[in-house]
$ cat run07.pdb   # PDB, C-alpha atoms and all ligand atoms
ATOM      1  CA  MET A   1      -6.042 -18.252 -15.737
ATOM      2  CA  THR A   2      -9.428 -19.833 -16.618
ATOM      3  CA  HIS A   3     -10.459 -23.491 -16.850
ATOM      4  CA  ARG A   4      -9.729 -23.500 -20.543
ATOM      5  CA  ASP A   5      -6.292 -21.928 -20.133
ATOM      6  CA  LEU A   6      -5.314 -25.254 -18.632
ATOM      7  CA  CYS A   7      -5.597 -26.701 -22.118
ATOM      8  CA  VAL A   8      -2.291 -25.997 -23.809
ATOM      9  CA  HIS A   9      -3.422 -27.805 -26.952
ATOM     10  CA  THR A  10      -5.111 -26.165 -29.892
ATOM     11  CA  SER A  11      -7.223 -29.181 -30.839
ATOM     12  CA  THR A  12      -9.565 -31.580 -29.100
ATOM     13  CA  PRO A  13      -9.020 -34.843 -30.954
ATOM     14  CA  ASP A  14     -11.405 -37.756 -31.481
ATOM     15  CA  VAL A  15     -10.459 -41.042 -29.835
ATOM     16  CA  ARG A  16     -11.053 -44.165 -31.937
ATOM     17  CA  ALA A  17     -10.619 -47.760 -30.865
ATOM     18  CA  SER A  18     -10.945 -50.365 -33.604
ATOM     19  CA  GLY A  19     -11.254 -54.124 -33.273
ATOM     20  CA  VAL A  20      -9.875 -54.223 -29.720
ATOM     21  CA  VAL A  21      -9.543 -57.734 -28.303
ATOM     22  CA  VAL A  22      -8.242 -58.417 -24.774
ATOM     23  CA  ARG A  23      -8.031 -61.874 -23.237
ATOM     24  CA  LEU A  24      -7.341 -62.265 -19.502
ATOM     25  CA  GLY A  25      -6.890 -65.595 -17.751
ATOM     26  CA  GLY A  26      -8.025 -67.340 -20.946
ATOM     27  CA  ASP A  27     -11.329 -65.396 -21.126
ATOM     28  CA  VAL A  28     -12.168 -62.806 -23.759
ATOM     29  CA  VAL A  29     -12.730 -59.648 -21.686
ATOM     30  CA  LEU A  30     -13.000 -57.304 -24.675
ATOM     31  CA  GLY A  31     -14.206 -58.829 -27.936
ATOM     32  CA  ASP A  32     -13.746 -56.762 -31.061
ATOM     33  CA  VAL A  33     -14.567 -53.389 -29.496
ATOM     34  CA  ASP A  34     -15.028 -50.386 -31.780
ATOM     35  CA  LEU A  35     -15.476 -47.037 -30.027
ATOM     36  CA  VAL A  36     -15.556 -43.440 -31.169
ATOM     37  CA  ALA A  37     -15.385 -40.577 -28.661
ATOM     38  CA  ARG A  38     -15.797 -37.254 -30.406
ATOM     39  CA  GLY A  39     -13.374 -34.425 -29.769
ATOM     40  CA  GLY A  40     -14.388 -31.967 -27.055
ATOM     41  CA  ARG A  41     -17.399 -34.040 -26.035
ATOM     42  CA  VAL A  42     -18.041 -36.052 -22.886
ATOM     43  CA  THR A  43     -18.665 -39.733 -23.534
ATOM     44  CA  ALA A  44     -19.963 -42.005 -20.763
ATOM     45  CA  LEU A  45     -18.645 -45.555 -20.787
ATOM     46  CA  LEU A  46     -21.448 -47.626 -19.292
ATOM     47  CA  GLY A  47     -22.086 -51.289 -18.590
ATOM     48  CA  PRO A  48     -22.694 -53.711 -15.734
ATOM     49  CA  ASN A  49     -19.990 -54.838 -13.300
ATOM     50  CA  GLY A  50     -17.333 -56.823 -15.104
ATOM     51  CA  SER A  51     -18.415 -55.714 -18.580
ATOM     52  CA  GLY A  52     -14.901 -54.462 -19.393
ATOM     53  CA  LYS A  53     -14.977 -50.703 -18.743
ATOM     54  CA  THR A  54     -11.749 -50.479 -16.733
ATOM     55  CA  THR A  55      -9.967 -52.830 -19.117
ATOM     56  CA  LEU A  56     -11.022 -50.698 -22.074
ATOM     57  CA  LEU A  57      -9.887 -47.470 -20.338
ATOM     58  CA  HIS A  58      -6.475 -49.085 -19.755
ATOM     59  CA  VAL A  59      -6.243 -49.983 -23.448
ATOM     60  CA  LEU A  60      -7.276 -46.436 -24.467
ATOM     61  CA  ALA A  61      -4.638 -44.984 -22.109
ATOM     62  CA  GLY A  62      -1.952 -47.170 -23.661
ATOM     63  CA  LEU A  63      -1.420 -48.981 -20.331
ATOM     64  CA  ARG A  64      -2.518 -52.362 -21.671
ATOM     65  CA  THR A  65      -1.600 -53.766 -25.063
ATOM     66  CA  PRO A  66      -4.565 -55.499 -26.672
ATOM     67  CA  GLU A  67      -4.181 -58.865 -28.368
ATOM     68  CA  ARG A  68      -5.624 -57.193 -31.474
ATOM     69  CA  GLY A  69      -6.863 -53.747 -32.425
ATOM     70  CA  THR A  70      -5.709 -50.151 -32.377
ATOM     71  CA  VAL A  71      -6.339 -46.922 -30.505
ATOM     72  CA  VAL A  72      -5.874 -43.657 -32.358
ATOM     73  CA  VAL A  73      -6.050 -40.160 -30.834
ATOM     74  CA  GLY A  74      -6.571 -37.645 -33.618
ATOM     75  CA  ASP A  75      -4.416 -39.334 -36.242
ATOM     76  CA  VAL A  76      -1.764 -40.730 -33.905
ATOM     77  CA  ALA A  77      -1.651 -44.357 -32.756
ATOM     78  CA  ILE A  78      -1.333 -44.223 -28.980
ATOM     79  CA  ARG A  79       1.151 -47.107 -28.840
ATOM     80  CA  SER A  80       3.540 -45.209 -31.139
ATOM     81  CA  LEU A  81       4.046 -42.401 -28.590
ATOM     82  CA  SER A  82       6.826 -42.167 -26.008
ATOM     83  CA  HIS A  83       5.680 -42.296 -22.364
ATOM     84  CA  ARG A  84       6.205 -38.547 -22.080
ATOM     85  CA  ARG A  85       4.215 -37.688 -25.241
ATOM     86  CA  ARG A  86       1.509 -40.140 -24.275
ATOM     87  CA  ALA A  87       1.164 -38.536 -20.830
ATOM     88  CA  ARG A  88       0.626 -35.144 -22.475
ATOM     89  CA  THR A  89      -1.911 -36.636 -24.895
ATOM     90  CA  ILE A  90      -4.135 -38.878 -22.795
ATOM     91  CA  ALA A  91      -4.396 -39.296 -19.018
ATOM     92  CA  LEU A  92      -6.351 -41.653 -16.797
ATOM     93  CA  VAL A  93      -7.766 -40.972 -13.341
ATOM     94  CA  GLU A  94      -7.938 -44.487 -11.907
ATOM     95  CA  GLN A  95     -10.816 -45.921  -9.891
ATOM     96  CA  HIS A  96      -8.730 -47.172  -6.958
ATOM     97  CA  ALA A  97      -5.603 -45.097  -7.342
ATOM     98  CA  SER A  98      -3.780 -45.815  -4.120
ATOM     99  CA  THR A  99      -0.768 -43.710  -3.356
ATOM    100  CA  THR A 100       0.912 -44.494  -0.065
ATOM    101  CA  THR A 101       3.396 -41.734   0.349
ATOM    102  CA  ASP A 102       4.501 -39.181   2.876
ATOM    103  CA  LEU A 103       4.285 -36.414   0.256
ATOM    104  CA  THR A 104       2.021 -33.423   0.785
ATOM    105  CA  VAL A 105      -1.063 -32.916  -1.359
ATOM    106  CA  ARG A 106       0.727 -30.221  -3.356
ATOM    107  CA  GLN A 107       3.694 -32.499  -4.004
ATOM    108  CA  VAL A 108       1.379 -35.262  -5.245
ATOM    109  CA  VAL A 109      -0.375 -32.822  -7.604
ATOM    110  CA  ALA A 110       3.039 -31.589  -8.789
ATOM    111  CA  LEU A 111       3.833 -35.129 -10.012
ATOM    112  CA  GLY A 112       1.465 -34.340 -12.878
ATOM    113  CA  ARG A 113       4.051 -31.852 -14.209
ATOM    114  CA  LEU A 114       6.733 -34.508 -14.764
ATOM    115  CA  PRO A 115       5.883 -35.108 -18.461
ATOM    116  CA  HIS A 116       6.378 -31.371 -19.109
ATOM    117  CA  ARG A 117       9.813 -31.071 -17.557
ATOM    118  CA  ARG A 118      13.026 -31.068 -19.527
ATOM    119  CA  MET A 119      16.528 -31.441 -18.201
ATOM    120  CA  LEU A 120      18.382 -28.178 -18.804
ATOM    121  CA  GLY A 121      22.052 -28.228 -17.794
ATOM    122  CA  GLY A 122      21.340 -30.582 -14.932
ATOM    123  CA  THR A 123      18.378 -28.645 -13.481
ATOM    124  CA  ARG A 124      14.768 -29.324 -14.232
ATOM    125  CA  SER A 125      12.786 -26.548 -15.928
ATOM    126  CA  ASP A 126       9.038 -25.798 -15.708
ATOM    127  CA  SER A 127       7.957 -26.216 -12.134
ATOM    128  CA  GLY A 128       4.463 -25.430 -13.462
ATOM    129  CA  ALA A 129       3.703 -23.629 -10.200
ATOM    130  CA  GLU A 130       0.922 -21.558 -11.766
ATOM    131  CA  VAL A 131      -0.769 -24.631 -13.246
ATOM    132  CA  ILE A 132      -0.503 -26.501  -9.937
ATOM    133  CA  ASP A 133      -2.067 -23.571  -8.057
ATOM    134  CA  LYS A 134      -4.858 -23.372 -10.622
ATOM    135  CA  VAL A 135      -5.786 -27.056 -10.625
ATOM    136  CA  MET A 136      -5.745 -27.201  -6.806
ATOM    137  CA  ASP A 137      -8.058 -24.217  -6.756
ATOM    138  CA  LEU A 138     -10.318 -25.796  -9.407
ATOM    139  CA  VAL A 139     -10.879 -28.956  -7.380
ATOM    140  CA  GLY A 140     -11.193 -27.009  -4.114
ATOM    141  CA  LEU A 141      -8.085 -28.365  -2.408
ATOM    142  CA  THR A 142      -6.003 -25.219  -1.940
ATOM    143  CA  HIS A 143      -6.655 -25.219   1.806
ATOM    144  CA  LEU A 144      -5.230 -28.757   2.046
ATOM    145  CA  ALA A 145      -2.089 -28.108  -0.002
ATOM    146  CA  ASP A 146       0.337 -28.735   2.867
ATOM    147  CA  ARG A 147      -1.526 -31.667   4.409
ATOM    148  CA  GLY A 148       0.047 -35.120   4.332
ATOM    149  CA  TRP A 149      -1.454 -37.281   1.587
ATOM    150  CA  THR A 150      -2.384 -40.144   3.902
ATOM    151  CA  THR A 151      -4.557 -37.852   6.047
ATOM    152  CA  LEU A 152      -7.021 -37.158   3.203
ATOM    153  CA  SER A 153     -10.512 -38.655   3.031
ATOM    154  CA  GLY A 154     -11.498 -40.830   0.062
ATOM    155  CA  GLY A 155     -13.299 -37.962  -1.649
ATOM    156  CA  GLU A 156     -10.420 -35.543  -1.083
ATOM    157  CA  ARG A 157      -7.995 -38.075  -2.582
ATOM    158  CA  GLN A 158     -10.267 -38.490  -5.589
ATOM    159  CA  ARG A 159     -10.203 -34.736  -6.193
ATOM    160  CA  ALA A 160      -6.445 -34.617  -5.674
ATOM    161  CA  HIS A 161      -5.967 -37.378  -8.266
ATOM    162  CA  LEU A 162      -8.031 -35.304 -10.694
ATOM    163  CA  ALA A 163      -5.867 -32.267  -9.918
ATOM    164  CA  ARG A 164      -2.660 -34.264 -10.545
ATOM    165  CA  THR A 165      -4.058 -35.486 -13.864
ATOM    166  CA  LEU A 166      -5.160 -31.981 -14.909
ATOM    167  CA  ALA A 167      -1.675 -30.705 -14.051
ATOM    168  CA  GLN A 168      -0.516 -33.071 -16.813
ATOM    169  CA  GLN A 169      -2.539 -30.915 -19.268
ATOM    170  CA  PRO A 170      -3.626 -33.822 -21.486
ATOM    171  CA  GLN A 171      -5.778 -33.517 -24.610
ATOM    172  CA  VAL A 172      -7.928 -36.468 -23.573
ATOM    173  CA  LEU A 173      -9.087 -37.248 -20.050
ATOM    174  CA  LEU A 174     -10.144 -40.763 -19.079
ATOM    175  CA  LEU A 175     -12.071 -41.091 -15.809
ATOM    176  CA  ASP A 176     -12.772 -44.437 -14.136
ATOM    177  CA  GLU A 177     -15.789 -44.017 -11.857
ATOM    178  CA  PRO A 178     -14.662 -40.523 -10.911
ATOM    179  CA  THR A 179     -17.518 -39.867  -8.512
ATOM    180  CA  ASN A 180     -17.634 -43.084  -6.487
ATOM    181  CA  HIS A 181     -16.212 -41.479  -3.311
ATOM    182  CA  LEU A 182     -17.961 -38.128  -3.657
ATOM    183  CA  ASP A 183     -21.067 -36.796  -1.952
ATOM    184  CA  LEU A 184     -23.865 -35.541  -4.198
ATOM    185  CA  GLY A 185     -22.692 -31.917  -4.193
ATOM    186  CA  GLN A 186     -19.125 -32.934  -5.022
ATOM    187  CA  GLN A 187     -20.339 -35.323  -7.756
ATOM    188  CA  LEU A 188     -22.191 -32.497  -9.488
ATOM    189  CA  ARG A 189     -19.274 -30.076  -8.993
ATOM    190  CA  PHE A 190     -16.766 -32.629 -10.288
ATOM    191  CA  LEU A 191     -18.703 -33.466 -13.460
ATOM    192  CA  ALA A 192     -19.566 -29.811 -14.169
ATOM    193  CA  LEU A 193     -15.878 -28.962 -13.829
ATOM    194  CA  ALA A 194     -14.900 -31.824 -16.137
ATOM    195  CA  ARG A 195     -17.403 -30.627 -18.766
ATOM    196  CA  ASP A 196     -16.133 -27.056 -18.542
ATOM    197  CA  LEU A 197     -12.583 -28.111 -19.377
ATOM    198  CA  GLY A 198     -13.556 -28.554 -23.034
ATOM    199  CA  LEU A 199     -11.395 -31.683 -23.343
ATOM    200  CA  THR A 200     -12.294 -34.965 -24.983
ATOM    201  CA  ILE A 201     -13.500 -36.977 -21.984
ATOM    202  CA  ILE A 202     -14.414 -40.638 -21.613
ATOM    203  CA  ALA A 203     -15.833 -41.444 -18.172
ATOM    204  CA  ALA A 204     -16.787 -44.891 -16.888
ATOM    205  CA  LEU A 205     -19.905 -44.374 -14.794
ATOM    206  CA  HIS A 206     -22.407 -46.563 -12.991
ATOM    207  CA  ASP A 207     -24.874 -43.781 -12.276
ATOM    208  CA  LEU A 208     -27.033 -43.535 -15.390
ATOM    209  CA  GLU A 209     -28.735 -40.372 -14.117
ATOM    210  CA  LEU A 210     -25.371 -38.602 -13.862
ATOM    211  CA  ALA A 211     -24.441 -39.911 -17.304
ATOM    212  CA  THR A 212     -27.705 -38.537 -18.687
ATOM    213  CA  ALA A 213     -27.230 -35.150 -17.029
ATOM    214  CA  PHE A 214     -23.552 -34.545 -17.868
ATOM    215  CA  CYS A 215     -22.593 -36.602 -20.923
ATOM    216  CA  ASP A 216     -23.181 -35.982 -24.612
ATOM    217  CA  ASP A 217     -22.722 -39.548 -25.798
ATOM    218  CA  VAL A 218     -22.636 -43.034 -24.345
ATOM    219  CA  VAL A 219     -20.874 -46.281 -25.174
ATOM    220  CA  VAL A 220     -22.560 -49.268 -23.531
ATOM    221  CA  LEU A 221     -20.513 -52.409 -22.924
ATOM    222  CA  ASP A 222     -21.981 -55.798 -22.109
ATOM    223  CA  HIS A 223     -19.803 -58.874 -21.612
ATOM    224  CA  GLY A 224     -16.904 -57.120 -23.309
ATOM    225  CA  ARG A 225     -18.798 -56.094 -26.423
ATOM    226  CA  VAL A 226     -20.318 -52.780 -27.464
ATOM    227  CA  HIS A 227     -24.084 -53.092 -27.143
ATOM    228  CA  GLY A 228     -24.801 -49.564 -28.332
ATOM    229  CA  GLN A 229     -23.187 -46.160 -28.764
ATOM    230  CA  GLY A 230     -24.288 -42.685 -29.741
ATOM    231  CA  PRO A 231     -26.067 -39.672 -28.251
ATOM    232  CA  VAL A 232     -27.454 -40.307 -24.742
ATOM    233  CA  THR A 233     -31.167 -40.073 -25.402
ATOM    234  CA  SER A 234     -31.290 -42.086 -28.614
ATOM    235  CA  THR A 235     -29.004 -44.819 -27.248
ATOM    236  CA  LEU A 236     -30.259 -45.418 -23.688
ATOM    237  CA  THR A 237     -33.578 -46.905 -24.752
ATOM    238  CA  ALA A 238     -35.834 -49.006 -22.521
ATOM    239  CA  SER A 239     -34.951 -52.105 -24.540
ATOM    240  CA  LEU A 240     -31.197 -51.518 -24.199
ATOM    241  CA  LEU A 241     -31.553 -50.995 -20.421
ATOM    242  CA  ARG A 242     -33.608 -54.201 -20.179
ATOM    243  CA  GLU A 243     -31.145 -56.235 -22.253
ATOM    244  CA  VAL A 244     -27.981 -54.958 -20.573
ATOM    245  CA  TYR A 245     -29.016 -54.236 -16.959
ATOM    246  CA  HIS A 246     -32.125 -56.510 -16.731
ATOM    247  CA  VAL A 247     -34.224 -53.669 -15.316
ATOM    248  CA  GLU A 248     -37.364 -51.895 -16.429
ATOM    249  CA  ALA A 249     -36.233 -48.305 -16.893
ATOM    250  CA  SER A 250     -36.515 -45.516 -19.401
ATOM    251  CA  LEU A 251     -35.392 -41.973 -20.050
ATOM    252  CA  ASP A 252     -38.380 -39.657 -19.764
ATOM    253  CA  PRO A 253     -38.615 -35.870 -20.039
ATOM    254  CA  HIS A 254     -37.661 -34.258 -16.723
ATOM    255  CA  PRO A 255     -40.674 -32.559 -15.111
ATOM    256  CA  ARG A 256     -38.726 -29.345 -14.362
ATOM    257  CA  LEU A 257     -35.423 -29.395 -16.213
ATOM    258  CA  ASP A 258     -34.554 -29.282 -19.868
ATOM    259  CA  ARG A 259     -33.105 -32.776 -19.961
ATOM    260  CA  PRO A 260     -34.319 -36.357 -19.711
ATOM    261  CA  HIS A 261     -34.105 -38.317 -16.505
ATOM    262  CA  LEU A 262     -34.182 -41.980 -15.637
ATOM    263  CA  ILE A 263     -37.343 -43.628 -14.356
ATOM    264  CA  TRP A 264     -36.867 -47.154 -13.027
ATOM    265  CA  ASP A 265     -38.884 -49.944 -11.544
ATOM    266  CA  ARG A 266     -37.270 -51.444  -8.458
ATOM    267  CA  HIS A 267     -37.987 -54.985  -9.613
ATOM    268  CA  VAL A 268     -34.806 -56.521 -11.067
ATOM    269  CA  LYS A 269     -35.104 -59.427 -13.473
ATOM    270  CA  GLU A 270     -32.888 -62.439 -12.968
ATOM    271  CA  ASN A 271     -30.034 -62.677 -15.455
ATOM    272  CA  PRO A 272     -31.079 -64.942 -18.283
TER
HETATM  273  N1  LIG A 301      -6.098 -60.163 -14.439
HETATM  274  C1  LIG A 301      -7.277 -60.696 -14.749
HETATM  275  N2  LIG A 301      -7.412 -62.025 -14.999
HETATM  276  C2  LIG A 301      -8.603 -62.554 -15.326
HETATM  277  N3  LIG A 301      -9.737 -61.839 -15.455
HETATM  278  C3  LIG A 301      -9.652 -60.516 -15.229
HETATM  279  C4  LIG A 301      -8.434 -59.870 -14.863
HETATM  280  N4  LIG A 301      -8.681 -58.565 -14.693
HETATM  281  C5  LIG A 301     -10.004 -58.377 -14.957
HETATM  282  N5  LIG A 301     -10.578 -59.549 -15.274
HETATM  283  C6  LIG A 301     -11.998 -59.785 -15.610
HETATM  284  O1  LIG A 301     -12.284 -58.976 -16.733
HETATM  285  C7  LIG A 301     -13.655 -58.573 -16.703
HETATM  286  C8  LIG A 301     -13.742 -57.084 -16.952
HETATM  287  O2  LIG A 301     -13.189 -56.392 -15.825
HETATM  288  P1  LIG A 301     -13.235 -54.825 -15.728
HETATM  289  O3  LIG A 301     -12.599 -54.439 -14.444
HETATM  290  O4  LIG A 301     -12.669 -54.265 -16.983
HETATM  291  O5  LIG A 301     -14.799 -54.558 -15.696
HETATM  292  P2  LIG A 301     -15.603 -53.245 -15.278
HETATM  293  O6  LIG A 301     -16.698 -53.105 -16.287
HETATM  294  O7  LIG A 301     -14.671 -52.100 -15.110
HETATM  295  O8  LIG A 301     -16.192 -53.701 -13.882
HETATM  296  P3  LIG A 301     -16.732 -52.850 -12.614
HETATM  297  O9  LIG A 301     -17.909 -52.069 -13.091
HETATM  298  O10 LIG A 301     -17.130 -53.928 -11.648
HETATM  299  O11 LIG A 301     -15.603 -51.987 -12.098
HETATM  300  C9  LIG A 301     -14.198 -59.030 -15.350
HETATM  301  O12 LIG A 301     -14.942 -60.218 -15.552
HETATM  302  C10 LIG A 301     -12.961 -59.314 -14.542
HETATM  303  O13 LIG A 301     -13.190 -60.354 -13.593
END
$ encode --input "run07.pdb" --output "structure tokens"
Amino acid sequence: MTHRDLCVHTSTPDVRASGVVVRLGGDVVLGDVDLVARGGRVTALLGPNGSGKTTLLHVLAGLRTPERGTVVVGDVAIRSLSHRRRARTIALVEQHASTTTDLTVRQVVALGRLPHRRMLGGTRSDSGAEVIDKVMDLVGLTHLADRGWTTLSGGERQRAHLARTLAQQPQVLLLDEPTNHLDLGQQLRFLALARDLGLTIIAALHDLELATAFCDDVVVLDHGRVHGQGPVTSTLTASLLREVYHVEASLDPHPRLDRPHLIWDRHVKENP
């Protein structure tokens, strides 16, 4: 079984959000957001703290109903799907997914198979044992399979949450700051693995260098509105970085590698 064998779907659909409005506590947190994430590509969702990234991921995952607007995966409105269909279509790895349980790591990963099980004469079919073994191997957690969940480090839990989500075999993977608990080696491994899956991926990231190195496209949020979206290099311009992050920074050709990298000045401007 290879990475791509995990994908049971024949297509990698686009994800489109149109006119999404979310109001929380009386404030507009997302104001008329339009987003397109192309099928089979990795799109970074960027923006300062509080700009609405997590809220938008929840709307895309069908976990939050917007006041206005729609989310369509391929040609299917996400809100029209049953929970089970939705779980096999689009899955979110949360930023602070806390699971307090006395399950083992393998049992937690196996929860990802629930949307694939059917009741047959009172017994559940499809244990998905092969898929579970594969995803645990992919994220490097096979040796911890029988460990109690609560004994894992933050980074190990983050990888286990990814494994559980991959066991779901979704068409679209949403990642909310997937690398925030990982050391540099694990960050690079995690994002390379995600890219190799060939899924449609939308990943909220704070690290612009990682976004530049691993993502095809970016969507940049600022105060709940889309400030820019498109291919990484043509979208992350010095003026956008100044306007959104209030820093002097630019993407320049990498001195050794065939990709741009981020050069920044450590002086931060006060928010206007
Ligand atoms: N339940 C709530 N009631 C009121 N405001 C909320 C609620 N939940 C979130 N917000 C506000 O919505 C805005 C967007 O939050 P969100 O978590 O989506 O931002 P984010 O871009 O993911 O932030 P970060 O990068 O810090 O994780 C923030 O200003 C936040 O304070």
$ resolve_selection --input "run07.pdb" --expression "the PyMOL selection byres (((chain A and resi 57) around 9) and not hetatm)" --output "JSON, numbers by chain"
{"A": [45, 52, 53, 54, 55, 56, 58, 59, 60, 61, 62, 63, 64, 92, 174, 175, 176, 202, 203, 204]}
$ resolve_selection --input "run07.pdb" --expression "the PyMOL selection byres (((chain A and resi 210-215) around 10) and not hetatm)" --output "PyMOL selection string"
chain A and resi 41-46+179+187-188+191-192+194-195+201-209+216-218+231-233+236+251+258-262
$ resolve_selection --input "run07.pdb" --expression "the PyMOL selection byres (((chain A and resi 30) around 12) and not hetatm)" --output "PDB file with C-alpha atoms, keeping the file's coordinate frame"
ATOM      1  CA  ALA A  17     -10.619 -47.760 -30.865  1.00  0.00           C
ATOM      2  CA  SER A  18     -10.945 -50.365 -33.604  1.00  0.00           C
ATOM      3  CA  GLY A  19     -11.254 -54.124 -33.273  1.00  0.00           C
ATOM      4  CA  VAL A  20      -9.875 -54.223 -29.720  1.00  0.00           C
ATOM      5  CA  VAL A  21      -9.543 -57.734 -28.303  1.00  0.00           C
ATOM      6  CA  VAL A  22      -8.242 -58.417 -24.774  1.00  0.00           C
ATOM      7  CA  ARG A  23      -8.031 -61.874 -23.237  1.00  0.00           C
ATOM      8  CA  LEU A  24      -7.341 -62.265 -19.502  1.00  0.00           C
ATOM      9  CA  GLY A  26      -8.025 -67.340 -20.946  1.00  0.00           C
ATOM     10  CA  ASP A  27     -11.329 -65.396 -21.126  1.00  0.00           C
ATOM     11  CA  VAL A  28     -12.168 -62.806 -23.759  1.00  0.00           C
ATOM     12  CA  VAL A  29     -12.730 -59.648 -21.686  1.00  0.00           C
ATOM     13  CA  GLY A  31     -14.206 -58.829 -27.936  1.00  0.00           C
ATOM     14  CA  ASP A  32     -13.746 -56.762 -31.061  1.00  0.00           C
ATOM     15  CA  VAL A  33     -14.567 -53.389 -29.496  1.00  0.00           C
ATOM     16  CA  ASP A  34     -15.028 -50.386 -31.780  1.00  0.00           C
ATOM     17  CA  LEU A  35     -15.476 -47.037 -30.027  1.00  0.00           C
ATOM     18  CA  GLY A  50     -17.333 -56.823 -15.104  1.00  0.00           C
ATOM     19  CA  SER A  51     -18.415 -55.714 -18.580  1.00  0.00           C
ATOM     20  CA  GLY A  52     -14.901 -54.462 -19.393  1.00  0.00           C
ATOM     21  CA  LYS A  53     -14.977 -50.703 -18.743  1.00  0.00           C
ATOM     22  CA  THR A  54     -11.749 -50.479 -16.733  1.00  0.00           C
ATOM     23  CA  THR A  55      -9.967 -52.830 -19.117  1.00  0.00           C
ATOM     24  CA  LEU A  56     -11.022 -50.698 -22.074  1.00  0.00           C
ATOM     25  CA  LEU A  57      -9.887 -47.470 -20.338  1.00  0.00           C
ATOM     26  CA  HIS A  58      -6.475 -49.085 -19.755  1.00  0.00           C
ATOM     27  CA  VAL A  59      -6.243 -49.983 -23.448  1.00  0.00           C
ATOM     28  CA  ARG A  64      -2.518 -52.362 -21.671  1.00  0.00           C
ATOM     29  CA  THR A  65      -1.600 -53.766 -25.063  1.00  0.00           C
ATOM     30  CA  PRO A  66      -4.565 -55.499 -26.672  1.00  0.00           C
ATOM     31  CA  GLU A  67      -4.181 -58.865 -28.368  1.00  0.00           C
ATOM     32  CA  ARG A  68      -5.624 -57.193 -31.474  1.00  0.00           C
ATOM     33  CA  GLY A  69      -6.863 -53.747 -32.425  1.00  0.00           C
ATOM     34  CA  LEU A 221     -20.513 -52.409 -22.924  1.00  0.00           C
ATOM     35  CA  ASP A 222     -21.981 -55.798 -22.109  1.00  0.00           C
ATOM     36  CA  HIS A 223     -19.803 -58.874 -21.612  1.00  0.00           C
ATOM     37  CA  GLY A 224     -16.904 -57.120 -23.309  1.00  0.00           C
ATOM     38  CA  ARG A 225     -18.798 -56.094 -26.423  1.00  0.00           C
ATOM     39  CA  VAL A 226     -20.318 -52.780 -27.464  1.00  0.00           C
TER      40      VAL A 226
END
$ closest_residue --input "run07.pdb" --among "A:Ser250, A:Thr200, A:Gln95, A:Gln168" --to "Asp265 of chain A" --atoms "all atoms listed in the file"
A:Ser250
$ residues_around --input "run07.pdb" --residues "Gly140 of chain A" --least-positions-apart "3" --cutoff "12 Å" --atoms "all atoms listed in the file" --output "VMD selection string"
chain A and resid 133 to 137 143 to 145 155 to 160 162 to 163 186 189 to 190 193
$ residues_around --input "run07.pdb" --residues "segment 87-91 of chain A" --least-positions-apart "4" --cutoff "8 Å" --atoms "all atoms listed in the file" --output "ChimeraX atom specification"
/A:61,83,115-116,165,168-174
$ atom_distance --input "run07.pdb" --atom1 "atom O11 of ligand LIG 301 (chain A)" --atom2 "atom CA of Glu177 of chain A"
8.0 Å
$ atom_distance --input "run07.pdb" --atom1 "atom CA of Gly74 of chain A" --atom2 "atom CA of Gly198 of chain A"
15.6 Å
$ atom_distance --input "run07.pdb" --atom1 "atom CA of Ile78 of chain A" --atom2 "atom CA of Leu114 of chain A"
19.0 Å
$ decode --input "run07.pdb" --residues "segment 179-189 of chain A" --atoms "N, CA and C atoms" --output "PDB file, in the first residue's frame"
ATOM      1  N   THR A 179       1.655  22.114  12.350  1.00  0.00           N
ATOM      2  CA  THR A 179       3.049  21.897  12.740  1.00  0.00           C
ATOM      3  C   THR A 179       3.414  22.612  14.043  1.00  0.00           C
ATOM      4  N   ASN A 180       2.397  23.146  14.755  1.00  0.00           N
ATOM      5  CA  ASN A 180       2.758  24.011  15.889  1.00  0.00           C
ATOM      6  C   ASN A 180       3.396  23.272  17.067  1.00  0.00           C
ATOM      7  N   HIS A 181       3.263  21.944  17.145  1.00  0.00           N
ATOM      8  CA  HIS A 181       3.918  21.206  18.229  1.00  0.00           C
ATOM      9  C   HIS A 181       5.133  20.424  17.738  1.00  0.00           C
ATOM     10  N   LEU A 182       5.491  20.594  16.472  1.00  0.00           N
ATOM     11  CA  LEU A 182       6.507  19.695  15.900  1.00  0.00           C
ATOM     12  C   LEU A 182       7.875  20.361  15.828  1.00  0.00           C
ATOM     13  N   ASP A 183       8.924  19.559  16.043  1.00  0.00           N
ATOM     14  CA  ASP A 183      10.272  20.082  15.839  1.00  0.00           C
ATOM     15  C   ASP A 183      10.516  20.239  14.336  1.00  0.00           C
ATOM     16  N   LEU A 184      11.625  20.895  13.983  1.00  0.00           N
ATOM     17  CA  LEU A 184      11.833  21.250  12.576  1.00  0.00           C
ATOM     18  C   LEU A 184      11.797  20.028  11.663  1.00  0.00           C
ATOM     19  N   GLY A 185      12.472  18.952  12.085  1.00  0.00           N
ATOM     20  CA  GLY A 185      12.489  17.740  11.249  1.00  0.00           C
ATOM     21  C   GLY A 185      11.083  17.198  11.045  1.00  0.00           C
ATOM     22  N   GLN A 186      10.310  17.156  12.136  1.00  0.00           N
ATOM     23  CA  GLN A 186       8.938  16.638  12.034  1.00  0.00           C
ATOM     24  C   GLN A 186       8.054  17.573  11.221  1.00  0.00           C
ATOM     25  N   GLN A 187       8.279  18.885  11.305  1.00  0.00           N
ATOM     26  CA  GLN A 187       7.503  19.831  10.486  1.00  0.00           C
ATOM     27  C   GLN A 187       7.686  19.524   9.003  1.00  0.00           C
ATOM     28  N   LEU A 188       8.973  19.348   8.618  1.00  0.00           N
ATOM     29  CA  LEU A 188       9.266  19.106   7.203  1.00  0.00           C
ATOM     30  C   LEU A 188       8.705  17.753   6.768  1.00  0.00           C
ATOM     31  N   ARG A 189       8.849  16.737   7.646  1.00  0.00           N
ATOM     32  CA  ARG A 189       8.323  15.403   7.338  1.00  0.00           C
ATOM     33  C   ARG A 189       6.804  15.445   7.188  1.00  0.00           C
TER      34      ARG A 189
END
